[in-house]
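Taking it in order: structure first as structure tokens, then the write-up.
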Amino acid sequence: MILFDDVSYSYSPGRYALEHINLNIGEAELAAILGENGAGKTTLVKHINGLLKPQSGKVTVSGIDTKDSTVATLARKVGLVFQNPDHQLFAETVEKELAFALVNFGLPPDEVSRRVDWAMKEFELTQYRERPPFMLSGGERKRLALASVLCYDPQILILDEPTTGQDSRQKTRLAALLKRINGEGKTVLVVTHDMEFVADFIPKVVLLSKGRVLAEGPAEEILTNRELLMSASLLPPQLAELSWDLALQRPTIDLEQVVLVASKLVGGPQR
Amino acid sequence: MAIIDVQALSYSYPDSPKPNILDVNLTVNEGEFVLITGPSGCGKTTFCRCLNGLIPISYGGTFSGRVIVDGLLTTEHPVYEIAQHLGLVFQNPENELFCTTVEREVAFGPENLALPRNEVRSRVEEALGVVGISHLWDKSPEELSGGEQQKVAIAALLAMKPKVLVLDEPTANLDPLSARSVLNILAKLNTESGVTIILVEHRLEMIAHIADRCAVFDDGRLVLVGEPGEVLYSEAVERMGIGIPKAVQVAKRLALNSKLGKKPLSSWDLAEIIRGASDDPL
């Protein structure tokens, strides 16, 4: 689905933002791109929707070389939700914001209004239909930005730090939505440093550090690997930390596992 | 001694169909560290704007009740005067930094108080030192990372020597290590310099064990306030959109509170209690 073949990119000479990236993200994957600030996460995803073109190597999205394509063409396939919603939102009302891309893609009016209604309901924005986006709270603007991309149903969905400013109920809701979209066969990539969100909800991790892919694999494996997290300058998820503090034989990020083992330590099975 | 006294505060933004803050009462003592949390859109940011007087002066709307900051009634004193007692740090530092160098940014506040040159210089040096960014003095805020920018914003306020710092999700856009570093600075300011801290934060696992009290907003109301252990182990908190730290979740499942009277807030506290209990089974 998404293929990085020895991709390098640099914003200023002598300093690579991405260095020899090889990455293969399959169809219908749900993965997190994890790394500290400056690790190259955003640069990486900008290569997927063609905002950036590799200076060396090749990026292929659904079989298309991004160098042979435009952002406008790729945009229908790859929906990118920016970290800062203010870089994305511009319409006079929430409703118009949601309808914008749909109208531009030439969808019929009844389809536009059906999708807009769906998005407002899904993201708890119905009450703000007539309100200017900039009057919403930070968390609400964030949801609106996501809604406006999901409206046009891209095959690949990339979210840059979707959980910042979201409370835990919103995060759980977001995770359920991502799982559902992923279940419908869409590829979903979450760029984040929210370790807890990844530990709780995302099955696969691509770990970036200083422009390189440090590791790639199941979240359970990578997020309980202390040395790996340290070399990527990331803090471990709470449950991994608890696993280490309790000296568990098999550190885990699964709450039920920790409760099970801890309850044995405390004495007797518990509910 | 109360440094912040909020009495029967209610507020609606212009055109808001319902109150954004409803009948909030809260007293904060000098030197306290108060953690404010609650689901998104619950009124946390609005409450912060009420504390430094931006509401109602800059926002209009319908305001009732009283907010007293260090003896000043916010509706009767201009924001710049309140700012010398209470500094407000926003979620996105990009929105508040505007000078060409870090040094100028931090000097801007004290210069506007018309302080003598030497005093301005020593305040800037001290503030940069406290947040650990002295080496960045000649950098442009634009070229700094999000975490560094947030530290500049905090230093700029510290240079005003406020008694109270209010921070509205200062770590929301930071990576975990930078977030922890900023939160550690706040803890240090509180314990070593006695600065009163009011911090809005979702990541309770990073800060619950440091705060003196935790206040939970929901739908514009202040619904819970008490020691972090008391609040996070209450039943009421489970029904809200609040990220209960994993250590608390595990401790709840193990019923450590009812069995041992323990309310650990961090993983190391929890691990210690579990190890203690396993050496001496119940």
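In the structure tokens, each chain is lettered A, B, ... as it comes, each chain's residues begin at 1, and ligands are numbered from 1 in order of appearance.
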
Chain A contacts on chain B, only C-alpha atoms, 9 Å, as number ranges by chain: B: 38-41, 45, 91, 145-147, 169, 172-178, 201-202, 205, 240-247, 249-251, 253-255, 266-268, 270-282

Give me, as a ChimeraX atom specification, all polymer residues having an atom no more than 8 Å from Leu97 in chain B, counting only C-alpha atoms and skipping those fewer than 3 positions away in the same chain. /B:93-94,105,141,149,153

Residues at most 9 Å from range 226-235 of chain B, counting only C-alpha atoms, excluding those fewer than 4 positions away in the same chain, as an MDAnalysis selection string? chainID B and resid 35 208:216 239 244:245 248:249 252 257 263:265

Name all residues at most 10 Å from Leu54 in chain B (count only C-alpha atoms; drop same-chain ones fewer than 3 positions away) and give them as number ranges by chain. B: 46, 48-51, 57-60, 74-75, 78-80, 82

File of the preceding selection, N, CA, C and O atoms, as a PDB file, in the first residue's frame:
ATOM      1  N   THR B  46     -11.766  28.388  29.923  1.00  0.00           N
ATOM      2  CA  THR B  46     -12.577  29.551  30.287  1.00  0.00           C
ATOM      3  C   THR B  46     -12.273  29.969  31.735  1.00  0.00           C
ATOM      4  O   THR B  46     -12.127  31.151  32.040  1.00  0.00           O
ATOM      5  N   CYS B  48      -9.491  29.494  33.378  1.00  0.00           N
ATOM      6  CA  CYS B  48      -8.165  30.132  33.410  1.00  0.00           C
ATOM      7  C   CYS B  48      -8.263  31.595  32.970  1.00  0.00           C
ATOM      8  O   CYS B  48      -7.618  32.467  33.555  1.00  0.00           O
ATOM      9  N   ARG B  49      -9.033  31.852  31.926  1.00  0.00           N
ATOM     10  CA  ARG B  49      -9.191  33.230  31.443  1.00  0.00           C
ATOM     11  C   ARG B  49      -9.890  34.101  32.474  1.00  0.00           C
ATOM     12  O   ARG B  49      -9.691  35.314  32.496  1.00  0.00           O
ATOM     13  N   CYS B  50     -10.736  33.491  33.300  1.00  0.00           N
ATOM     14  CA  CYS B  50     -11.380  34.258  34.371  1.00  0.00           C
ATOM     15  C   CYS B  50     -10.359  34.633  35.441  1.00  0.00           C
ATOM     16  O   CYS B  50     -10.457  35.683  36.067  1.00  0.00           O
ATOM     17  N   LEU B  51      -9.374  33.748  35.643  1.00  0.00           N
ATOM     18  CA  LEU B  51      -8.419  33.984  36.725  1.00  0.00           C
ATOM     19  C   LEU B  51      -7.521  35.183  36.440  1.00  0.00           C
ATOM     20  O   LEU B  51      -7.141  35.903  37.363  1.00  0.00           O
ATOM     21  N   ILE B  57     -13.104  41.158  30.719  1.00  0.00           N
ATOM     22  CA  ILE B  57     -12.695  42.405  30.076  1.00  0.00           C
ATOM     23  C   ILE B  57     -12.509  42.262  28.567  1.00  0.00           C
ATOM     24  O   ILE B  57     -13.020  43.059  27.791  1.00  0.00           O
ATOM     25  N   SER B  58     -11.801  41.208  28.118  1.00  0.00           N
ATOM     26  CA  SER B  58     -11.504  41.107  26.687  1.00  0.00           C
ATOM     27  C   SER B  58     -12.534  40.309  25.903  1.00  0.00           C
ATOM     28  O   SER B  58     -12.551  40.337  24.686  1.00  0.00           O
ATOM     29  N   TYR B  59     -13.364  39.550  26.612  1.00  0.00           N
ATOM     30  CA  TYR B  59     -14.266  38.636  25.906  1.00  0.00           C
ATOM     31  C   TYR B  59     -15.728  39.074  25.919  1.00  0.00           C
ATOM     32  O   TYR B  59     -16.532  38.553  25.164  1.00  0.00           O
ATOM     33  N   GLY B  60     -16.085  40.012  26.807  1.00  0.00           N
ATOM     34  CA  GLY B  60     -17.499  40.377  26.911  1.00  0.00           C
ATOM     35  C   GLY B  60     -18.288  39.256  27.551  1.00  0.00           C
ATOM     36  O   GLY B  60     -17.769  38.528  28.398  1.00  0.00           O
ATOM     37  N   THR B  74     -10.810  41.041  39.998  1.00  0.00           N
ATOM     38  CA  THR B  74     -10.401  41.072  38.579  1.00  0.00           C
ATOM     39  C   THR B  74     -11.242  42.015  37.732  1.00  0.00           C
ATOM     40  O   THR B  74     -10.775  42.516  36.712  1.00  0.00           O
ATOM     41  N   THR B  75     -12.475  42.262  38.142  1.00  0.00           N
ATOM     42  CA  THR B  75     -13.325  43.139  37.336  1.00  0.00           C
ATOM     43  C   THR B  75     -12.994  44.610  37.563  1.00  0.00           C
ATOM     44  O   THR B  75     -13.480  45.474  36.844  1.00  0.00           O
ATOM     45  N   PRO B  78      -7.096  46.298  35.685  1.00  0.00           N
ATOM     46  CA  PRO B  78      -6.768  45.904  34.314  1.00  0.00           C
ATOM     47  C   PRO B  78      -5.904  44.646  34.284  1.00  0.00           C
ATOM     48  O   PRO B  78      -5.218  44.329  35.258  1.00  0.00           O
ATOM     49  N   VAL B  79      -5.942  43.958  33.127  1.00  0.00           N
ATOM     50  CA  VAL B  79      -5.217  42.692  32.986  1.00  0.00           C
ATOM     51  C   VAL B  79      -3.718  42.872  33.267  1.00  0.00           C
ATOM     52  O   VAL B  79      -3.092  42.037  33.899  1.00  0.00           O
ATOM     53  N   TYR B  80      -3.149  44.009  32.812  1.00  0.00           N
ATOM     54  CA  TYR B  80      -1.693  44.170  33.009  1.00  0.00           C
ATOM     55  C   TYR B  80      -1.322  44.241  34.478  1.00  0.00           C
ATOM     56  O   TYR B  80      -0.246  43.834  34.897  1.00  0.00           O
ATOM     57  N   ILE B  82      -3.116  42.697  36.976  1.00  0.00           N
ATOM     58  CA  ILE B  82      -3.280  41.333  37.487  1.00  0.00           C
ATOM     59  C   ILE B  82      -2.100  40.463  37.043  1.00  0.00           C
ATOM     60  O   ILE B  82      -1.622  39.614  37.782  1.00  0.00           O
TER      61      ILE B  82
END

Every residue of range 81-193 of chain A that DSSP places in strand (DSSP E or B), as an NGL selection string: :A and (81 or 156-160 or 187-192)

If you run DSSP on this backbone, which residues of range 119-275 of chain B come out as helix (DSSP H, G or I), and could you give them as an MDAnalysis selection string? chainID B and resid 119:131 134:136 141:143 146:158 176:193 204:207 228:232 236:239 246:253 256:260 267:275

Shell around Ala232 in chain A at 9 Å using only C-alpha atoms, local window under 2 positions removed, as a ChimeraX atom specification: /A:35-36,39,207-210,214,227-230,234-235

Requested write-out: N, CA, C and O atoms of the selected residues, as a JSON list (two decimals), in the first residue's frame:
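As a result, again38.json now contains:
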[["chain", "number", "residue", "atom", "x", "y", "z"],
["A", 35, "GLY", "N", 7.81, 8.44, 17.86],
["A", 35, "GLY", "CA", 9.15, 8.99, 17.96],
["A", 35, "GLY", "C", 9.12, 10.33, 18.64],
["A", 35, "GLY", "O", 8.07, 10.98, 18.68],
["A", 36, "GLU", "N", 10.24, 10.76, 19.20],
["A", 36, "GLU", "CA", 10.27, 12.04, 19.91],
["A", 36, "GLU", "C", 10.15, 13.20, 18.91],
["A", 36, "GLU", "O", 10.21, 12.98, 17.70],
["A", 39, "ALA", "N", 12.04, 13.56, 15.37],
["A", 39, "ALA", "CA", 12.50, 12.24, 14.93],
["A", 39, "ALA", "C", 12.31, 12.05, 13.43],
["A", 39, "ALA", "O", 12.92, 11.17, 12.83],
["A", 207, "LEU", "N", 8.95, 2.63, 15.00],
["A", 207, "LEU", "CA", 9.66, 3.51, 15.92],
["A", 207, "LEU", "C", 10.73, 4.29, 15.16],
["A", 207, "LEU", "O", 11.64, 3.71, 14.59],
["A", 208, "LEU", "N", 10.58, 5.62, 15.18],
["A", 208, "LEU", "CA", 11.54, 6.47, 14.49],
["A", 208, "LEU", "C", 12.43, 7.18, 15.49],
["A", 208, "LEU", "O", 11.99, 7.55, 16.58],
["A", 209, "SER", "N", 13.67, 7.38, 15.11],
["A", 209, "SER", "CA", 14.56, 8.21, 15.92],
["A", 209, "SER", "C", 15.60, 8.84, 15.02],
["A", 209, "SER", "O", 16.22, 8.13, 14.21],
["A", 210, "LYS", "N", 15.77, 10.11, 15.14],
["A", 210, "LYS", "CA", 16.77, 10.85, 14.37],
["A", 210, "LYS", "C", 16.75, 10.50, 12.88],
["A", 210, "LYS", "O", 17.78, 10.27, 12.25],
["A", 214, "LEU", "N", 14.00, 2.81, 13.78],
["A", 214, "LEU", "CA", 14.77, 2.11, 14.81],
["A", 214, "LEU", "C", 14.23, 0.69, 15.01],
["A", 214, "LEU", "O", 14.98, -0.23, 15.30],
["A", 227, "GLU", "N", 15.47, -0.66, 26.48],
["A", 227, "GLU", "CA", 16.64, -0.09, 25.81],
["A", 227, "GLU", "C", 16.21, 0.65, 24.54],
["A", 227, "GLU", "O", 16.68, 1.75, 24.25],
["A", 228, "LEU", "N", 15.30, 0.00, 23.80],
["A", 228, "LEU", "CA", 14.82, 0.58, 22.56],
["A", 228, "LEU", "C", 14.14, 1.92, 22.82],
["A", 228, "LEU", "O", 14.41, 2.92, 22.14],
["A", 229, "LEU", "N", 13.28, 1.97, 23.82],
["A", 229, "LEU", "CA", 12.56, 3.21, 24.13],
["A", 229, "LEU", "C", 13.53, 4.29, 24.58],
["A", 229, "LEU", "O", 13.39, 5.46, 24.23],
["A", 230, "MET", "N", 14.52, 3.87, 25.36],
["A", 230, "MET", "CA", 15.49, 4.85, 25.83],
["A", 230, "MET", "C", 16.29, 5.43, 24.67],
["A", 230, "MET", "O", 16.49, 6.64, 24.60],
["A", 234, "LEU", "N", 12.06, 8.05, 24.38],
["A", 234, "LEU", "CA", 10.64, 8.00, 24.72],
["A", 234, "LEU", "C", 10.45, 7.46, 26.13],
["A", 234, "LEU", "O", 11.25, 6.67, 26.61],
["A", 235, "LEU", "N", 9.38, 7.91, 26.77],
["A", 235, "LEU", "CA", 9.06, 7.37, 28.08],
["A", 235, "LEU", "C", 8.20, 6.12, 27.87],
["A", 235, "LEU", "O", 7.36, 6.08, 26.99]]

Excluding Glu97 in chain A and any residue of its chain fewer than 5 positions from it, enumerate the residues within 10 Å of it, using only C-alpha atoms, and give them as a list in words.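 Returned residues: Gln88, Leu89, Phe90, Ala91, Glu92, Leu102, Val116, Arg129, Pro132, Pro133, Leu144, Ala145, Ala147 and Ser148 of chain A.
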